[in-house]
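Report on the structure given below.
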Amino acid sequence: MEAVERGSHGAPSRVLEGYLMATLFYEPSTRTRLSFEAAMRRLGGEVLTTENAREFSSAAKGETLEDTIRTVEGYSDIIVLRHFESGAARRAADTANIPVINAVDDGLVISWDVSKLFTSDNELFDGHFGVWALLDVYTIKREIGTLDGIKLGLVGDLANGRTVRSLAYLIAKYQNIKIYFVSPDVVKMKDDIKDYLNSRGVEWEESSNLLEVASQCDVIYQTRIQKERFGERIDLYEAARGKYIVDKKVLDVLPKHAVIMHPLPWLDEVRSYPYERNNFHSIHYAVNVPNEI
């Protein structure tokens with residue numbers, strides 16, 4: 001990634017000069033959209049954008065996704081799609097004659113060339129975020145120095161969190177991995193990911209003791225409990241929220257080399273200021289946001 005960013009002789013790369021990217025977002029996500037757009041511009045390309053296509057496009061008039069894709073591909077060389085419907089990215093990719101990057105829908109990953117990392121041998125799962133998983137493994141490699149042999153703690157909403165599901169899937173392709181799942185019962189990691197890890201011979205363990213897990217991990221990947229996934233069952237959300245918190249107690253038991261990551265946005269599941277301790281400098285806000293670009 002650094003080589004692409006620098007280009008030849010250390011000069012800024014213009015590898016995407018002459019290309020036009022359309023970001024077609026039917027679901028809001030400021031960081032995801034802006035990171036794609038910033039990366040495209042920094043590499044010499046141009047951007048067409050809509051951040052609320054669900055409301056401010058012909059979709060509001062009843063136009064199908066397929067017809068929208070056929071139109072937008074006439075304006076651009078690549079489409080970045082974020083959609084609220086499961087399987088929308090596959091429908092877009094099947095329709096388009098240009099690359100489509102999933103950024104993301106509630107279904108499986110269709111991420112152009114990187115889709116091979118997630119869909120080989122017909123291994124298809126719902127609720128993936130492939131491009132973010134690539135970002136996460138890149139950040140872990142930069143911070144820890146390796147991907148083989150790490151111990152990873154996934155904490156929070158593991159049932160609905162697309163980032164944790166994708167990270168568990170992708171990290172399983174490396175050697176001697178151990179994954180700890182720490183979550184309230186109502187948002188435990190689903191069986192499809194556990195079955196996949198078993199098929200790959202990856203060691204995993206469910207735990208209710210975040211302090212014990214943190215003391216053994218190279219990476220703690222904390223996520224928020226997603227209120228929007230609970231519908232009218234606010235009682236279940238309130239019971240789950242705040243059960244597992246990264247605070248000073250967690251920081252005190254972390255190995256010195258360990259890092260904390262969070263896909264953002266965060267609420268109160270991280271209660272220590274990011275720079276309270278040296279090893280906390282690696283929190284997602286400080287590392288993955290620039291890595292996104």
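So you can find residues: chains in the structure tokens are A, B, ... in the order shown, residues in each start at 1, and ligands are numbered from 1 in order.
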
Worksheet item: Looking only at the backbone, which of the residues in region 89-232 of chain A does DSSP tag as helix (DSSP H, G or I), as a PyMOL selection string?
Response: chain A and resi 89-95+112-122+130-144+162-171+185-187+191-199+210-214+227-229

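Every protein, DNA or RNA residue with an atom at most 7 Å from region 219-236 of chain A, where only C-alpha atoms count and chain neighbours fewer than 3 positions away do not, is listed here: Lys151, Leu152, Gly153, Leu154, Val155, Gly156, Asp157, Ala214, Ala239, Ala240, Arg241, Ala258, Val259, Ile260, Met261, His262, Pro263, Trp266, Leu267 and Glu269 of chain A.
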
Keeping only N, CA, C and O atoms, write those residues as an mmCIF file, in the first residue's frame.
```
data_model
loop_
_atom_site.group_PDB
_atom_site.id
_atom_site.type_symbol
_atom_site.label_atom_id
_atom_site.label_comp_id
_atom_site.auth_asym_id
_atom_site.auth_seq_id
_atom_site.Cartn_x
_atom_site.Cartn_y
_atom_site.Cartn_z
ATOM 1 N N LYS A 151 -3.279 -13.737 18.722
ATOM 2 C CA LYS A 151 -4.487 -13.996 19.503
ATOM 3 C C LYS A 151 -5.355 -12.750 19.424
ATOM 4 O O LYS A 151 -4.910 -11.649 19.763
ATOM 5 N N LEU A 152 -6.590 -12.951 18.965
ATOM 6 C CA LEU A 152 -7.490 -11.848 18.656
ATOM 7 C C LEU A 152 -8.750 -11.942 19.499
ATOM 8 O O LEU A 152 -9.427 -12.974 19.494
ATOM 9 N N GLY A 153 -9.065 -10.877 20.221
ATOM 10 C CA GLY A 153 -10.293 -10.828 20.994
ATOM 11 C C GLY A 153 -11.326 -9.966 20.301
ATOM 12 O O GLY A 153 -11.097 -8.771 20.084
ATOM 13 N N LEU A 154 -12.452 -10.557 19.916
ATOM 14 C CA LEU A 154 -13.545 -9.819 19.280
ATOM 15 C C LEU A 154 -14.612 -9.575 20.341
ATOM 16 O O LEU A 154 -15.136 -10.520 20.926
ATOM 17 N N VAL A 155 -14.948 -8.305 20.557
ATOM 18 C CA VAL A 155 -15.755 -7.924 21.711
ATOM 19 C C VAL A 155 -16.946 -7.072 21.275
ATOM 20 O O VAL A 155 -16.804 -6.187 20.424
ATOM 21 N N GLY A 156 -18.116 -7.330 21.858
ATOM 22 C CA GLY A 156 -19.273 -6.475 21.621
ATOM 23 C C GLY A 156 -20.355 -7.169 20.829
ATOM 24 O O GLY A 156 -20.720 -8.308 21.123
ATOM 25 N N ASP A 157 -20.862 -6.478 19.806
ATOM 26 C CA ASP A 157 -21.965 -7.004 18.997
ATOM 27 C C ASP A 157 -21.399 -7.883 17.888
ATOM 28 O O ASP A 157 -21.072 -7.415 16.805
ATOM 29 N N ALA A 214 -8.291 -10.160 27.610
ATOM 30 C CA ALA A 214 -7.396 -9.054 27.281
ATOM 31 C C ALA A 214 -5.956 -9.341 27.698
ATOM 32 O O ALA A 214 -5.003 -8.944 27.009
ATOM 33 N N ALA A 239 -29.976 -4.132 28.091
ATOM 34 C CA ALA A 239 -29.336 -5.198 28.869
ATOM 35 C C ALA A 239 -27.953 -5.540 28.333
ATOM 36 O O ALA A 239 -27.060 -5.921 29.095
ATOM 37 N N ALA A 240 -27.778 -5.412 27.026
ATOM 38 C CA ALA A 240 -26.503 -5.767 26.405
ATOM 39 C C ALA A 240 -25.504 -4.627 26.460
ATOM 40 O O ALA A 240 -24.301 -4.844 26.619
ATOM 41 N N ARG A 241 -25.998 -3.400 26.327
ATOM 42 C CA ARG A 241 -25.119 -2.246 26.283
ATOM 43 C C ARG A 241 -24.366 -2.068 27.597
ATOM 44 O O ARG A 241 -24.932 -2.195 28.677
ATOM 45 N N ALA A 258 0.302 -5.098 22.847
ATOM 46 C CA ALA A 258 -1.050 -5.273 22.323
ATOM 47 C C ALA A 258 -1.653 -3.948 21.868
ATOM 48 O O ALA A 258 -1.248 -2.868 22.313
ATOM 49 N N VAL A 259 -2.631 -4.055 20.972
ATOM 50 C CA VAL A 259 -3.318 -2.872 20.470
ATOM 51 C C VAL A 259 -4.823 -3.035 20.636
ATOM 52 O O VAL A 259 -5.347 -4.146 20.673
ATOM 53 N N ILE A 260 -5.493 -1.890 20.743
ATOM 54 C CA ILE A 260 -6.944 -1.834 20.779
ATOM 55 C C ILE A 260 -7.419 -1.288 19.439
ATOM 56 O O ILE A 260 -6.890 -0.299 18.938
ATOM 57 N N MET A 261 -8.437 -1.927 18.855
ATOM 58 C CA MET A 261 -9.023 -1.445 17.607
ATOM 59 C C MET A 261 -10.526 -1.296 17.770
ATOM 60 O O MET A 261 -11.147 -2.008 18.556
ATOM 61 N N HIS A 262 -11.091 -0.365 17.015
ATOM 62 C CA HIS A 262 -12.537 -0.136 17.027
ATOM 63 C C HIS A 262 -12.934 0.376 15.648
ATOM 64 O O HIS A 262 -12.298 1.291 15.119
ATOM 65 N N PRO A 263 -13.980 -0.198 15.031
ATOM 66 C CA PRO A 263 -14.345 0.204 13.675
ATOM 67 C C PRO A 263 -15.087 1.534 13.601
ATOM 68 O O PRO A 263 -15.289 2.061 12.503
ATOM 69 N N TRP A 266 -18.007 4.895 18.034
ATOM 70 C CA TRP A 266 -18.106 4.323 19.366
ATOM 71 C C TRP A 266 -18.983 5.193 20.252
ATOM 72 O O TRP A 266 -19.170 6.383 20.022
ATOM 73 N N LEU A 267 -19.536 4.554 21.263
ATOM 74 C CA LEU A 267 -20.375 5.254 22.222
ATOM 75 C C LEU A 267 -19.651 5.239 23.566
ATOM 76 O O LEU A 267 -18.664 5.933 23.728
ATOM 77 N N GLU A 269 -18.522 2.270 24.993
ATOM 78 C CA GLU A 269 -17.833 0.986 25.194
ATOM 79 C C GLU A 269 -16.316 1.152 25.290
ATOM 80 O O GLU A 269 -15.592 0.203 25.569
#
```

Worksheet item: Restricting the calculation to only C-alpha atoms, which member of A:Arg31, A:Arg91, A:Arg200, A:Lys61 is positioned closest to Ile171 (chain A)?
Response: A:Arg200

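Going from CA of His83 (chain A) to CA of Leu24 (chain A) covers 8.3 Å.
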
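Our summary of the geometry notes that CA of Arg165 (chain A) is positioned 21.0 Å from CA of Arg142 (chain A).
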
Fill in: Non-local contacts of Lys188 (chain A) (8 Å; only C-alpha atoms; under 3 positions in same chain excluded) as a PyMOL selection string
chain A and resi 157-159+181-185

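With only C-alpha atoms as the atoms that count, the minimum distance from Gln216 (chain A) to the choices A:Pro255, A:Ser199, A:Leu134, A:Lys243 is reached by A:Pro255.
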
Item to complete: Please give the complete set of residues from region 36-204 of chain A that DSSP, run on the backbone, assigns to strand (DSSP E or B), formatted as a ChimeraX atom specification.
Response: /A:46-50,78-82,100-102,151-155,178-182,203-204

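If you look at CA of Tyr180 (chain A) and CA of Gly87 (chain A), they are 28.9 Å away from each other.
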
I'd like the contact shell of Glu46 (chain A) - 8 Å cut-off, only C-alpha atoms, skipping same-chain residues fewer than 5 positions apart - returned as a tab-separated table (two decimals) with N, CA and C atoms, in the first residue's frame.
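Resulting contents of part_20.tsv:
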```tsv
chain	number	residue	atom	x	y	z
A	17	GLU	N	-5.24	8.20	-12.43
A	17	GLU	CA	-5.53	9.39	-13.24
A	17	GLU	C	-6.30	8.98	-14.50
A	18	GLY	N	-7.35	9.74	-14.80
A	18	GLY	CA	-8.16	9.44	-15.96
A	18	GLY	C	-9.34	8.52	-15.66
A	19	TYR	N	-9.45	8.03	-14.42
A	19	TYR	CA	-10.56	7.16	-14.02
A	19	TYR	C	-11.55	7.92	-13.14
A	20	LEU	N	-12.81	7.54	-13.24
A	20	LEU	CA	-13.88	8.19	-12.50
A	20	LEU	C	-14.62	7.16	-11.67
A	21	MET	N	-14.73	7.41	-10.38
A	21	MET	CA	-15.41	6.51	-9.45
A	21	MET	C	-16.73	7.11	-9.00
A	40	MET	N	-9.36	7.78	-3.87
A	40	MET	CA	-9.44	7.95	-5.32
A	40	MET	C	-8.79	9.25	-5.76
A	41	ARG	N	-9.06	10.32	-5.06
A	41	ARG	CA	-8.49	11.61	-5.43
A	41	ARG	C	-6.99	11.66	-5.21
```
